>>> print(open('final-v3.tsv').read())   # TSV, C-alpha atoms
chain	number	residue	atom	x	y	z
D	1	MET	CA	0.00	0.00	0.00
D	2	LYS	CA	2.86	2.38	0.79
D	3	GLY	CA	4.37	1.80	-2.64
D	4	PHE	CA	0.99	2.30	-4.29
D	5	VAL	CA	0.41	5.61	-2.47
D	6	SER	CA	3.93	6.86	-3.24
D	7	LEU	CA	3.68	5.99	-6.93
D	8	SER	CA	0.19	7.52	-7.21
D	9	ARG	CA	1.38	10.72	-5.59
D	10	ALA	CA	4.44	10.89	-7.85
D	11	MET	CA	2.37	10.29	-11.01
D	12	ALA	CA	-0.28	12.84	-10.00
D	13	LEU	CA	2.30	15.51	-9.15
D	14	GLY	CA	4.13	14.80	-12.39
D	15	PHE	CA	0.95	15.31	-14.38
D	16	PHE	CA	-0.21	18.50	-12.67
D	17	ARG	CA	3.29	20.01	-12.84
D	18	ASP	CA	3.57	19.28	-16.55
D	19	ARG	CA	2.10	22.36	-18.22
D	20	THR	CA	2.05	20.70	-21.63
D	21	ALA	CA	0.08	17.73	-20.30
D	22	LEU	CA	-2.35	20.04	-18.49
D	23	PHE	CA	-2.89	22.10	-21.62
D	24	PHE	CA	-3.58	19.22	-24.00
D	25	THR	CA	-5.55	17.16	-21.47
D	26	ILE	CA	-7.80	19.84	-19.98
D	27	LEU	CA	-7.40	23.32	-21.46
D	28	PHE	CA	-7.20	22.35	-25.13
D	29	PRO	CA	-10.43	20.27	-25.14
D	30	LEU	CA	-12.07	22.89	-22.92
D	31	MET	CA	-11.34	25.48	-25.61
D	32	PHE	CA	-13.44	23.42	-28.04
D	33	LEU	CA	-16.31	23.27	-25.57
D	34	VAL	CA	-16.25	27.04	-25.03
D	35	LEU	CA	-15.84	27.74	-28.76
D	36	PHE	CA	-18.59	25.40	-29.99
D	37	GLY	CA	-20.84	26.24	-27.04
D	38	GLY	CA	-20.56	29.94	-27.84
D	39	LEU	CA	-20.97	29.53	-31.61
D	40	PHE	CA	-24.07	27.34	-31.36
D	41	LYS	CA	-25.52	28.85	-28.19
D	42	SER	CA	-28.36	30.55	-30.05
D	43	ALA	CA	-28.51	28.16	-32.96
D	44	GLY	CA	-31.92	27.99	-34.54
D	45	VAL	CA	-33.47	27.03	-37.85
D	46	SER	CA	-31.53	28.75	-40.64
D	47	LYS	CA	-33.64	30.62	-43.17
D	48	THR	CA	-33.25	30.39	-46.93
D	49	ASP	CA	-33.09	33.61	-48.95
D	50	VAL	CA	-35.55	33.84	-51.86
D	51	LEU	CA	-36.35	36.64	-54.30
D	52	GLU	CA	-39.88	37.31	-55.60
D	53	VAL	CA	-40.28	38.72	-59.11
D	54	GLY	CA	-43.50	40.65	-59.59
D	55	ALA	CA	-46.72	39.61	-57.91
D	56	VAL	CA	-46.91	36.03	-56.63
D	57	PRO	CA	-50.46	35.69	-55.27
D	58	VAL	CA	-49.90	32.16	-53.94
D	59	ILE	CA	-47.52	33.77	-51.42
D	60	ASP	CA	-48.71	37.37	-51.23
D	61	GLN	CA	-52.32	36.43	-50.45
D	62	LEU	CA	-51.55	33.96	-47.69
D	63	PRO	CA	-53.37	34.45	-44.37
D	64	ALA	CA	-51.24	36.00	-41.64
D	65	ASP	CA	-50.72	32.76	-39.71
D	66	ALA	CA	-49.74	30.82	-42.84
D	67	ARG	CA	-47.36	33.58	-43.95
D	68	ALA	CA	-45.76	33.56	-40.51
D	69	GLY	CA	-45.08	29.84	-40.93
D	70	VAL	CA	-43.45	30.42	-44.31
D	71	ASP	CA	-41.35	33.25	-42.91
D	72	GLN	CA	-39.88	30.85	-40.36
D	73	VAL	CA	-38.26	28.93	-43.22
D	74	LEU	CA	-37.86	31.42	-46.07
D	75	THR	CA	-36.74	35.03	-46.19
D	76	ILE	CA	-38.69	36.38	-49.17
D	77	LYS	CA	-37.67	39.73	-50.66
D	78	PRO	CA	-38.99	41.53	-53.74
D	79	ALA	CA	-36.72	41.77	-56.79
D	80	GLY	CA	-37.03	44.69	-59.17
D	81	ASP	CA	-35.18	43.18	-62.09
D	82	ARG	CA	-35.74	39.58	-63.19
D	83	ASP	CA	-32.40	39.13	-64.94
D	84	ALA	CA	-30.46	40.53	-61.98
D	85	ALA	CA	-32.38	38.22	-59.64
D	86	LEU	CA	-31.56	35.16	-61.76
D	87	ALA	CA	-27.91	36.21	-61.80
D	88	LYS	CA	-27.91	36.18	-57.98
D	89	VAL	CA	-29.19	32.60	-58.04
D	90	ARG	CA	-26.38	31.57	-60.38
D	91	LYS	CA	-23.82	33.20	-58.08
D	92	GLY	CA	-25.26	31.50	-55.03
D	93	ASP	CA	-26.27	34.75	-53.32
D	94	VAL	CA	-29.88	33.53	-53.01
D	95	ALA	CA	-31.40	30.06	-53.17
D	96	ALA	CA	-34.16	30.72	-55.71
D	97	VAL	CA	-36.32	33.18	-57.59
D	98	ILE	CA	-40.11	32.75	-57.56
D	99	GLU	CA	-42.51	34.21	-60.10
D	100	GLN	CA	-46.12	33.52	-61.06
D	101	VAL	CA	-47.07	33.82	-64.72
D	102	ASN	CA	-50.55	33.02	-66.10
D	103	GLY	CA	-51.51	30.79	-63.21
D	104	GLN	CA	-48.21	28.94	-63.15
D	105	VAL	CA	-45.77	29.32	-60.25
D	106	VAL	CA	-42.16	29.00	-61.44
D	107	VAL	CA	-39.24	28.40	-59.10
D	108	HIS	CA	-35.82	29.19	-60.58
D	109	PHE	CA	-33.07	27.48	-58.64
D	110	SER	CA	-29.45	26.41	-58.99
D	111	ALA	CA	-28.72	22.70	-59.28
D	112	ALA	CA	-25.39	23.38	-57.55
D	113	ASP	CA	-27.17	23.85	-54.20
D	114	GLN	CA	-29.69	21.03	-53.98
D	115	VAL	CA	-30.27	21.38	-50.24
D	116	ARG	CA	-31.51	24.98	-50.28
D	117	SER	CA	-33.31	24.60	-53.60
D	118	GLY	CA	-35.05	21.49	-52.30
D	119	THR	CA	-36.28	23.45	-49.29
D	120	VAL	CA	-37.72	26.20	-51.49
D	121	THR	CA	-39.41	23.87	-53.98
D	122	SER	CA	-40.97	21.83	-51.16
D	123	VAL	CA	-42.45	24.91	-49.50
D	124	VAL	CA	-43.76	26.36	-52.75
D	125	GLU	CA	-45.22	23.00	-53.81
D	126	SER	CA	-47.08	22.82	-50.50
D	127	LEU	CA	-48.47	26.34	-51.00
D	128	VAL	CA	-49.61	25.50	-54.54
D	129	GLN	CA	-51.40	22.38	-53.31
D	130	GLN	CA	-53.18	24.37	-50.61
D	131	ALA	CA	-54.21	26.99	-53.16
D	132	ASN	CA	-55.60	24.27	-55.46
D	133	LEU	CA	-57.61	22.81	-52.58
D	134	ARG	CA	-59.11	26.19	-51.79
D	135	ALA	CA	-59.95	26.70	-55.46
D	136	ALA	CA	-61.69	23.33	-55.48
D	137	GLY	CA	-63.80	24.34	-52.51
D	138	VAL	CA	-62.00	22.18	-49.97
D	139	SER	CA	-61.69	24.43	-46.95
D	140	THR	CA	-60.62	21.77	-44.44
D	141	PRO	CA	-58.30	18.97	-45.61
D	142	ALA	CA	-59.12	15.47	-44.40
D	143	LEU	CA	-55.66	15.03	-42.91
D	144	ALA	CA	-53.18	17.36	-41.25
D	145	MET	CA	-49.62	16.80	-40.10
D	146	SER	CA	-47.92	18.04	-36.93
D	147	ALA	CA	-44.20	17.66	-36.22
D	148	GLN	CA	-43.10	17.79	-32.59
D	149	PRO	CA	-39.67	17.16	-31.03
D	150	VAL	CA	-39.48	14.41	-28.44
D	151	GLU	CA	-37.07	16.42	-26.30
D	152	ASP	CA	-37.87	19.39	-24.14
D	153	GLN	CA	-38.04	22.56	-26.24
D	154	SER	CA	-35.41	24.15	-24.01
D	155	LEU	CA	-32.83	21.57	-25.15
D	156	GLN	CA	-29.77	23.37	-26.51
D	157	PRO	CA	-26.75	22.24	-28.57
D	158	ILE	CA	-24.60	22.39	-25.42
D	159	GLN	CA	-26.51	19.30	-24.20
D	160	TYR	CA	-24.88	17.20	-26.90
D	161	MET	CA	-21.54	18.99	-27.16
D	162	THR	CA	-20.60	18.50	-23.51
D	163	PRO	CA	-20.64	14.67	-23.43
D	164	GLY	CA	-19.05	14.48	-26.89
D	165	ILE	CA	-16.11	16.79	-26.25
D	166	LEU	CA	-15.71	15.45	-22.71
D	167	GLY	CA	-15.48	11.92	-24.12
D	168	TRP	CA	-12.78	13.05	-26.55
D	169	ALA	CA	-10.90	14.77	-23.72
D	170	ILE	CA	-11.02	11.64	-21.55
D	171	ALA	CA	-9.87	9.48	-24.48
D	172	SER	CA	-6.99	11.83	-25.30
D	173	GLY	CA	-5.85	12.19	-21.69
D	174	ALA	CA	-5.85	8.45	-20.99
D	175	THR	CA	-4.22	7.45	-24.29
D	176	PHE	CA	-1.48	10.07	-24.34
D	177	GLY	CA	-0.82	9.78	-20.63
D	178	ALA	CA	-0.27	6.01	-20.78
D	179	ALA	CA	1.69	6.02	-24.04
D	180	LEU	CA	4.08	8.86	-23.21
D	181	THR	CA	4.62	7.74	-19.62
D	182	LEU	CA	5.45	4.19	-20.70
D	183	VAL	CA	7.97	5.28	-23.34
D	184	SER	CA	9.55	7.94	-21.12
D	185	TRP	CA	9.91	5.59	-18.15
D	186	ARG	CA	11.39	2.90	-20.37
D	187	GLN	CA	13.96	5.30	-21.83
D	188	LYS	CA	14.92	6.64	-18.39
D	189	LYS	CA	15.24	3.09	-16.98
D	190	ILE	CA	12.52	3.82	-14.43
D	191	LEU	CA	10.61	0.69	-15.45
D	192	ARG	CA	13.69	-1.45	-14.82
D	193	ARG	CA	14.11	0.07	-11.36
D	194	LEU	CA	10.46	-0.51	-10.54
D	195	ARG	CA	10.82	-4.12	-11.66
D	196	LEU	CA	13.77	-4.61	-9.31
D	197	SER	CA	12.17	-2.70	-6.44
D	198	PRO	CA	10.09	-4.38	-3.71
D	199	VAL	CA	6.96	-2.57	-4.98
D	200	PRO	CA	4.51	-5.20	-6.32
D	201	LEU	CA	3.60	-4.99	-9.99
D	202	GLN	CA	-0.07	-4.62	-9.13
D	203	SER	CA	0.74	-1.47	-7.15
D	204	VAL	CA	2.46	0.06	-10.20
D	205	ILE	CA	-0.50	-0.78	-12.44
D	206	GLY	CA	-3.00	0.31	-9.81
D	207	ALA	CA	-1.29	3.66	-9.37
D	208	ARG	CA	-1.33	4.34	-13.11
D	209	VAL	CA	-4.99	3.35	-13.40
D	210	GLY	CA	-6.03	5.26	-10.28
D	211	VAL	CA	-4.33	8.49	-11.35
D	212	SER	CA	-5.86	8.24	-14.84
D	213	ILE	CA	-9.36	7.79	-13.39
D	214	VAL	CA	-8.86	10.78	-11.06
D	215	ILE	CA	-7.72	12.90	-14.01
D	216	ALA	CA	-10.79	11.83	-16.00
D	217	LEU	CA	-13.11	12.77	-13.14
D	218	VAL	CA	-11.33	16.13	-12.76
D	219	GLN	CA	-11.90	16.70	-16.48
D	220	ALA	CA	-15.58	15.86	-16.04
D	221	VAL	CA	-16.00	18.26	-13.11
D	222	ILE	CA	-14.35	21.10	-15.03
D	223	PHE	CA	-16.22	20.49	-18.30
D	224	VAL	CA	-19.64	20.05	-16.70
D	225	GLY	CA	-18.99	22.97	-14.37
D	226	VAL	CA	-18.23	25.29	-17.29
D	227	ALA	CA	-21.20	24.00	-19.32
D	228	LEU	CA	-23.54	24.56	-16.35
D	229	LEU	CA	-22.76	28.28	-16.33
D	230	PRO	CA	-25.84	30.36	-17.23
D	231	TYR	CA	-24.16	31.54	-20.44
D	232	PHE	CA	-24.09	27.97	-21.84
D	233	GLY	CA	-27.09	26.56	-19.96
D	234	LEU	CA	-26.36	22.83	-19.72
D	235	LYS	CA	-29.21	20.92	-18.05
D	236	LEU	CA	-28.36	17.52	-16.64
D	237	SER	CA	-30.82	14.64	-16.48
D	238	GLY	CA	-31.79	13.06	-13.20
D	239	SER	CA	-29.51	10.04	-13.73
D	240	TRP	CA	-26.45	12.10	-14.70
D	241	TRP	CA	-24.39	10.31	-12.04
D	242	ALA	CA	-24.68	7.08	-14.04
D	243	GLY	CA	-22.24	8.65	-16.48
D	244	ILE	CA	-19.42	8.15	-13.95
D	245	PRO	CA	-19.14	4.36	-14.51
D	246	VAL	CA	-19.06	5.02	-18.26
D	247	MET	CA	-16.21	7.51	-17.78
D	248	ILE	CA	-14.26	5.00	-15.69
D	249	ALA	CA	-14.80	2.20	-18.22
D	250	GLY	CA	-13.86	4.56	-21.05
D	251	THR	CA	-10.70	5.61	-19.21
D	252	LEU	CA	-9.69	1.95	-18.84
D	253	ALA	CA	-10.35	1.29	-22.54
D	254	PHE	CA	-8.20	4.20	-23.68
D	255	LEU	CA	-5.53	3.42	-21.11
D	256	ALA	CA	-5.26	0.06	-22.85
D	257	ILE	CA	-4.87	1.81	-26.19
D	258	GLY	CA	-2.17	4.03	-24.68
D	259	LEU	CA	-0.34	0.99	-23.32
D	260	LEU	CA	-0.45	-0.63	-26.75
D	261	ALA	CA	0.86	2.54	-28.42
D	262	GLY	CA	3.58	2.95	-25.78
D	263	ALA	CA	4.62	-0.69	-26.07
D	264	ALA	CA	4.96	-0.43	-29.85
D	265	ALA	CA	6.72	2.98	-29.91
D	266	LYS	CA	10.43	3.56	-29.46
D	267	THR	CA	10.39	7.29	-28.70
D	268	PRO	CA	7.93	9.79	-27.15
D	269	GLU	CA	7.50	11.38	-30.57
D	270	SER	CA	6.46	8.11	-32.19
D	271	ALA	CA	4.18	7.33	-29.23
D	272	SER	CA	2.48	10.71	-29.63
D	273	ALA	CA	2.13	10.14	-33.38
D	274	ILE	CA	0.56	6.70	-32.88
D	275	ALA	CA	-1.82	8.03	-30.22
D	276	ASN	CA	-2.84	10.93	-32.48
D	277	LEU	CA	-3.37	8.57	-35.40
D	278	ILE	CA	-5.79	6.55	-33.27
D	279	VAL	CA	-7.66	9.13	-31.18
D	280	LEU	CA	-8.13	12.06	-33.59
D	281	PRO	CA	-9.82	10.15	-36.46
D	282	MET	CA	-11.85	8.27	-33.87
D	283	ALA	CA	-13.23	11.57	-32.57
D	284	PHE	CA	-14.71	12.39	-35.98
D	285	LEU	CA	-15.86	8.84	-36.71
D	286	SER	CA	-17.55	8.41	-33.33
D	287	GLY	CA	-19.87	11.41	-33.36
D	288	ALA	CA	-17.97	13.22	-30.60
D	289	PHE	CA	-17.99	16.52	-32.53
D	290	PHE	CA	-21.08	16.15	-34.73
D	291	PRO	CA	-23.85	13.56	-35.23
D	292	LEU	CA	-23.43	10.82	-37.83
D	293	ASP	CA	-27.13	10.41	-38.68
D	294	SER	CA	-26.59	11.50	-42.29
D	295	ALA	CA	-23.24	9.72	-42.72
D	296	PRO	CA	-22.90	6.78	-45.14
D	297	GLY	CA	-23.83	3.39	-43.76
D	298	TRP	CA	-20.26	2.09	-43.76
D	299	ILE	CA	-19.12	5.00	-41.60
D	300	ARG	CA	-21.88	4.33	-39.08
D	301	ALA	CA	-20.88	0.64	-39.09
D	302	VAL	CA	-17.25	1.55	-38.36
D	303	SER	CA	-18.40	3.95	-35.67
D	304	ASN	CA	-20.21	1.17	-33.81
D	305	VAL	CA	-16.97	-0.75	-33.20
D	306	LEU	CA	-15.02	2.23	-31.89
D	307	PRO	CA	-14.79	2.64	-28.10
D	308	LEU	CA	-15.21	6.42	-28.22
D	309	LYS	CA	-18.65	5.99	-29.81
D	310	HIS	CA	-19.80	3.94	-26.81
D	311	LEU	CA	-18.18	6.30	-24.32
D	312	VAL	CA	-19.92	9.35	-25.82
D	313	SER	CA	-23.24	7.56	-26.40
D	314	GLY	CA	-23.34	6.21	-22.85
D	315	MET	CA	-22.71	9.64	-21.32
D	316	GLN	CA	-25.29	11.28	-23.59
D	317	ASP	CA	-27.95	8.72	-22.67
D	318	VAL	CA	-27.84	9.43	-18.94
D	319	MET	CA	-26.57	13.00	-18.87
D	320	VAL	CA	-28.88	14.68	-21.38
D	321	ARG	CA	-31.31	12.18	-22.92
D	322	GLY	CA	-33.02	11.33	-19.64
D	323	GLN	CA	-32.48	7.57	-19.74
D	324	GLY	CA	-32.03	5.53	-16.58
D	325	PRO	CA	-28.84	3.94	-15.23
D	326	ALA	CA	-29.59	0.62	-16.94
D	327	ALA	CA	-29.05	2.29	-20.32
D	328	VAL	CA	-25.28	2.47	-19.77
D	329	LEU	CA	-24.79	-1.22	-18.94
D	330	PRO	CA	-24.22	-2.31	-22.57
D	331	GLU	CA	-21.80	0.56	-23.15
D	332	VAL	CA	-19.83	-0.21	-19.97
D	333	GLY	CA	-19.66	-3.88	-20.94
D	334	ILE	CA	-18.39	-3.09	-24.43
D	335	LEU	CA	-15.74	-0.69	-23.10
D	336	LEU	CA	-14.50	-3.15	-20.48
D	337	GLY	CA	-14.39	-5.93	-23.07
D	338	PHE	CA	-12.40	-3.69	-25.39
D	339	CYS	CA	-10.03	-2.93	-22.51
D	340	ILE	CA	-9.39	-6.62	-21.85
D	341	VAL	CA	-8.72	-7.44	-25.50
D	342	VAL	CA	-6.36	-4.50	-26.12
D	343	THR	CA	-4.53	-4.96	-22.81
D	344	THR	CA	-3.92	-8.60	-23.71
D	345	ALA	CA	-2.44	-7.51	-27.03
D	346	ALA	CA	-0.27	-4.90	-25.30
D	347	THR	CA	1.26	-7.50	-22.96
D	348	PHE	CA	2.81	-9.30	-25.94
D	349	LEU	CA	4.60	-6.10	-27.01
D	350	PHE	CA	5.47	-4.79	-23.55
D	351	LYS	CA	9.17	-4.41	-22.66
D	352	TRP	CA	10.72	-3.27	-19.40
D	353	ASP	CA	13.62	-1.54	-21.21
D	354	ASP	CA	14.88	-0.81	-24.72
D	355	ILE	CA	17.54	-3.49	-24.66
>>> encode(input="final-v3.tsv", output="structure tokens")
Amino acid sequence: MKGFVSLSRAMALGFFRDRTALFFTILFPLMFLVLFGGLFKSAGVSKTDVLEVGAVPVIDQLPADARAGVDQVLTIKPAGDRDAALAKVRKGDVAAVIEQVNGQVVVHFSAADQVRSGTVTSVVESLVQQANLRAAGVSTPALAMSAQPVEDQSLQPIQYMTPGILGWAIASGATFGAALTLVSWRQKKILRRLRLSPVPLQSVIGARVGVSIVIALVQAVIFVGVALLPYFGLKLSGSWWAGIPVMIAGTLAFLAIGLLAGAAAKTPESASAIANLIVLPMAFLSGAFFPLDSAPGWIRAVSNVLPLKHLVSGMQDVMVRGQGPAAVLPEVGILLGFCIVVTTAATFLFKWDDI
């Protein structure tokens, strides 16, 4: 126990005295949280700019409530000159030009921007259909559609950014910490001295694991504390505490990755390169920075086998999605299983010194 306490204290002091480690483990990821949280703090539905040439009764004669609904999606402005308006569409300055000639509504759009043009054509097509129904004497359609979000309307982007960026920070801290420490200690012959010392091997491993878990929890306290500030407005679910086991399991999984990288690397530079090559692409492929709902199927399939995906998803489920503690059990199991497999692989490459 004395050896375990001494090693834990030495590792913790070494980390907190290392300004580079502090920056890249806590401050650097925190910068992303503050940046993205500030940029998307007031994110709402983006409007599409449209120009109207001449009179377009299907739009101009809408009732006030219907026009208000259209204005939530489209910003419609009058255009004095038709040719100049069409030129703006070609340049991409506006999404479309709408005109109504002899009972026909024409939407001029650019095929280069199918997303915005699709939005405009869908809205105009809906308005034309409603106008045709009114002309046919159908005042009340047989069916109506209502779209409602399943989450609370106060839900903000910070709800999803916090678990995602926190997961990336935990993954980076655990991976780089294990990889660089292992290579550095091997080069400085510290591992050989520990092997020859009376300190049991389990105390060495326990100290490394314990310090990494403490660092991960410190990261969580700082990130959640910043996100809870009124400026960002994070709102935690009732079972937010169930995210702690996910963080611990995720820390163990990425510690295993760090051990594998450190065992394979010869120098701190190569260890850092290997860790970067693993963690950084994983952050984008795991939905830590942005959702993968619209990604190709093969990317989503790859994402499902990456540990960071399960770390982020597990924290999101209980921290912001309102699910109960049982929701994290599959994620914790997957992360612990990943830890066992990768740790086993790392033991075959592990060396006490460079000789």
>>> closest_residue(input="final-v3.tsv", among="D:Leu22, D:Leu260, D:Leu30, D:Ala265", to="Thr175 of chain D", atoms="only C-alpha atoms")
D:Leu260
>>> residues_near_point(input="final-v3.tsv", point="(-11.4, 1.3, -14.6)", cutoff="7 Å", atoms="all atoms listed in the file", output="number ranges by chain")
D: 209, 213, 248-249, 251-252
>>> closest_residue(input="final-v3.tsv", among="D:Thr344, D:Ser172, D:Thr75, D:Gln159", to="Thr25 of chain D", atoms="all atoms listed in the file")
D:Ser172
>>> residues_around(input="final-v3.tsv", residues="Ser303 of chain D", least_positions_apart="2", cutoff="9 Å", atoms="only C-alpha atoms", output="MDAnalysis selection string")
chainID D and resid 282 285:287 292 298:301 305:310
>>> atom_distance(input="final-v3.tsv", atom1="atom CA of Arg19 of chain D", atom2="atom CA of Val214 of chain D")
17.5 Å
>>> atom_distance(input="final-v3.tsv", atom1="atom CA of Asn304 of chain D", atom2="atom CA of Trp241 of chain D")
24.0 Å
>>> residues_around(input="final-v3.tsv", residues="segment 47-64 of chain D", least_positions_apart="6", cutoff="12 Å", atoms="all atoms listed in the file", output="PDB file with C-alpha atoms, in the frame of the given file")
ATOM      1  CA  VAL D  70     -43.450  30.420 -44.310  1.00  0.00           C
ATOM      2  CA  ASP D  71     -41.350  33.250 -42.910  1.00  0.00           C
ATOM      3  CA  GLN D  72     -39.880  30.850 -40.360  1.00  0.00           C
ATOM      4  CA  VAL D  73     -38.260  28.930 -43.220  1.00  0.00           C
ATOM      5  CA  LEU D  74     -37.860  31.420 -46.070  1.00  0.00           C
ATOM      6  CA  THR D  75     -36.740  35.030 -46.190  1.00  0.00           C
ATOM      7  CA  ILE D  76     -38.690  36.380 -49.170  1.00  0.00           C
ATOM      8  CA  LYS D  77     -37.670  39.730 -50.660  1.00  0.00           C
ATOM      9  CA  PRO D  78     -38.990  41.530 -53.740  1.00  0.00           C
ATOM     10  CA  ALA D  79     -36.720  41.770 -56.790  1.00  0.00           C
ATOM     11  CA  GLY D  80     -37.030  44.690 -59.170  1.00  0.00           C
ATOM     12  CA  ASP D  81     -35.180  43.180 -62.090  1.00  0.00           C
ATOM     13  CA  ARG D  82     -35.740  39.580 -63.190  1.00  0.00           C
ATOM     14  CA  ASP D  83     -32.400  39.130 -64.940  1.00  0.00           C
ATOM     15  CA  ALA D  84     -30.460  40.530 -61.980  1.00  0.00           C
ATOM     16  CA  ALA D  85     -32.380  38.220 -59.640  1.00  0.00           C
ATOM     17  CA  LEU D  86     -31.560  35.160 -61.760  1.00  0.00           C
ATOM     18  CA  ALA D  87     -27.910  36.210 -61.800  1.00  0.00           C
ATOM     19  CA  LYS D  88     -27.910  36.180 -57.980  1.00  0.00           C
ATOM     20  CA  VAL D  89     -29.190  32.600 -58.040  1.00  0.00           C
ATOM     21  CA  GLY D  92     -25.260  31.500 -55.030  1.00  0.00           C
ATOM     22  CA  ASP D  93     -26.270  34.750 -53.320  1.00  0.00           C
ATOM     23  CA  VAL D  94     -29.880  33.530 -53.010  1.00  0.00           C
ATOM     24  CA  ALA D  95     -31.400  30.060 -53.170  1.00  0.00           C
ATOM     25  CA  ALA D  96     -34.160  30.720 -55.710  1.00  0.00           C
ATOM     26  CA  VAL D  97     -36.320  33.180 -57.590  1.00  0.00           C
ATOM     27  CA  ILE D  98     -40.110  32.750 -57.560  1.00  0.00           C
ATOM     28  CA  GLU D  99     -42.510  34.210 -60.100  1.00  0.00           C
ATOM     29  CA  GLN D 100     -46.120  33.520 -61.060  1.00  0.00           C
ATOM     30  CA  VAL D 101     -47.070  33.820 -64.720  1.00  0.00           C
ATOM     31  CA  ASN D 102     -50.550  33.020 -66.100  1.00  0.00           C
ATOM     32  CA  GLY D 103     -51.510  30.790 -63.210  1.00  0.00           C
ATOM     33  CA  GLN D 104     -48.210  28.940 -63.150  1.00  0.00           C
ATOM     34  CA  VAL D 105     -45.770  29.320 -60.250  1.00  0.00           C
ATOM     35  CA  VAL D 106     -42.160  29.000 -61.440  1.00  0.00           C
ATOM     36  CA  VAL D 107     -39.240  28.400 -59.100  1.00  0.00           C
ATOM     37  CA  HIS D 108     -35.820  29.190 -60.580  1.00  0.00           C
ATOM     38  CA  PHE D 109     -33.070  27.480 -58.640  1.00  0.00           C
ATOM     39  CA  SER D 110     -29.450  26.410 -58.990  1.00  0.00           C
ATOM     40  CA  ASP D 113     -27.170  23.850 -54.200  1.00  0.00           C
ATOM     41  CA  VAL D 115     -30.270  21.380 -50.240  1.00  0.00           C
ATOM     42  CA  ARG D 116     -31.510  24.980 -50.280  1.00  0.00           C
ATOM     43  CA  SER D 117     -33.310  24.600 -53.600  1.00  0.00           C
ATOM     44  CA  GLY D 118     -35.050  21.490 -52.300  1.00  0.00           C
ATOM     45  CA  THR D 119     -36.280  23.450 -49.290  1.00  0.00           C
ATOM     46  CA  VAL D 120     -37.720  26.200 -51.490  1.00  0.00           C
ATOM     47  CA  THR D 121     -39.410  23.870 -53.980  1.00  0.00           C
ATOM     48  CA  VAL D 123     -42.450  24.910 -49.500  1.00  0.00           C
ATOM     49  CA  VAL D 124     -43.760  26.360 -52.750  1.00  0.00           C
ATOM     50  CA  GLU D 125     -45.220  23.000 -53.810  1.00  0.00           C
ATOM     51  CA  SER D 126     -47.080  22.820 -50.500  1.00  0.00           C
ATOM     52  CA  LEU D 127     -48.470  26.340 -51.000  1.00  0.00           C
ATOM     53  CA  VAL D 128     -49.610  25.500 -54.540  1.00  0.00           C
ATOM     54  CA  GLN D 129     -51.400  22.380 -53.310  1.00  0.00           C
ATOM     55  CA  GLN D 130     -53.180  24.370 -50.610  1.00  0.00           C
ATOM     56  CA  ALA D 131     -54.210  26.990 -53.160  1.00  0.00           C
ATOM     57  CA  ASN D 132     -55.600  24.270 -55.460  1.00  0.00           C
ATOM     58  CA  ARG D 134     -59.110  26.190 -51.790  1.00  0.00           C
ATOM     59  CA  ALA D 135     -59.950  26.700 -55.460  1.00  0.00           C
TER      60      ALA D 135
END
>>> closest_atom_pairs(input="final-v3.tsv", of="segment 167-273 of chain D", to="segment 322-327 of chain D", cutoff="10 Å", atoms="all atoms listed in the file", output="Markdown table")
| residue | atom | partner | partner_atom | distance |
| --- | --- | --- | --- | --- |
| D:Leu236 | CA | D:Gly322 | CA | 8.3 |
| D:Ser237 | CA | D:Gly322 | CA | 5.1 |
| D:Gly238 | CA | D:Gly322 | CA | 6.8 |
| D:Ser239 | CA | D:Gly324 | CA | 5.9 |
| D:Trp240 | CA | D:Gly322 | CA | 8.3 |
| D:Trp241 | CA | D:Pro325 | CA | 8.4 |
| D:Ala242 | CA | D:Pro325 | CA | 5.3 |
| D:Gly243 | CA | D:Pro325 | CA | 8.2 |
| D:Pro245 | CA | D:Pro325 | CA | 9.7 |
>>> atom_distance(input="final-v3.tsv", atom1="atom CA of Gly14 of chain D", atom2="atom CA of Val34 of chain D")
26.9 Å
>>> build_atoms(input="final-v3.tsv", residues="segment 276-283 of chain D", atoms="N, CA and C atoms", output="PDB file, in the coordinates of the input")
ATOM      1  N   ASN D 276      -2.086   9.982 -31.652  1.00  0.00           N
ATOM      2  CA  ASN D 276      -2.840  10.930 -32.480  1.00  0.00           C
ATOM      3  C   ASN D 276      -3.537  10.220 -33.629  1.00  0.00           C
ATOM      4  N   LEU D 277      -2.821   9.293 -34.249  1.00  0.00           N
ATOM      5  CA  LEU D 277      -3.370   8.570 -35.400  1.00  0.00           C
ATOM      6  C   LEU D 277      -4.594   7.750 -34.999  1.00  0.00           C
ATOM      7  N   ILE D 278      -4.655   7.349 -33.737  1.00  0.00           N
ATOM      8  CA  ILE D 278      -5.790   6.550 -33.270  1.00  0.00           C
ATOM      9  C   ILE D 278      -6.929   7.429 -32.770  1.00  0.00           C
ATOM     10  N   VAL D 279      -6.619   8.387 -31.898  1.00  0.00           N
ATOM     11  CA  VAL D 279      -7.660   9.130 -31.180  1.00  0.00           C
ATOM     12  C   VAL D 279      -8.326  10.192 -32.062  1.00  0.00           C
ATOM     13  N   LEU D 280      -7.541  10.943 -32.838  1.00  0.00           N
ATOM     14  CA  LEU D 280      -8.130  12.060 -33.590  1.00  0.00           C
ATOM     15  C   LEU D 280      -9.127  11.590 -34.646  1.00  0.00           C
ATOM     16  N   PRO D 281      -8.784  10.625 -35.527  1.00  0.00           N
ATOM     17  CA  PRO D 281      -9.820  10.150 -36.460  1.00  0.00           C
ATOM     18  C   PRO D 281     -11.021   9.550 -35.752  1.00  0.00           C
ATOM     19  N   MET D 282     -10.760   8.882 -34.614  1.00  0.00           N
ATOM     20  CA  MET D 282     -11.850   8.270 -33.870  1.00  0.00           C
ATOM     21  C   MET D 282     -12.848   9.310 -33.379  1.00  0.00           C
ATOM     22  N   ALA D 283     -12.347  10.505 -33.043  1.00  0.00           N
ATOM     23  CA  ALA D 283     -13.230  11.570 -32.570  1.00  0.00           C
ATOM     24  C   ALA D 283     -14.248  11.963 -33.635  1.00  0.00           C
TER      25      ALA D 283
END
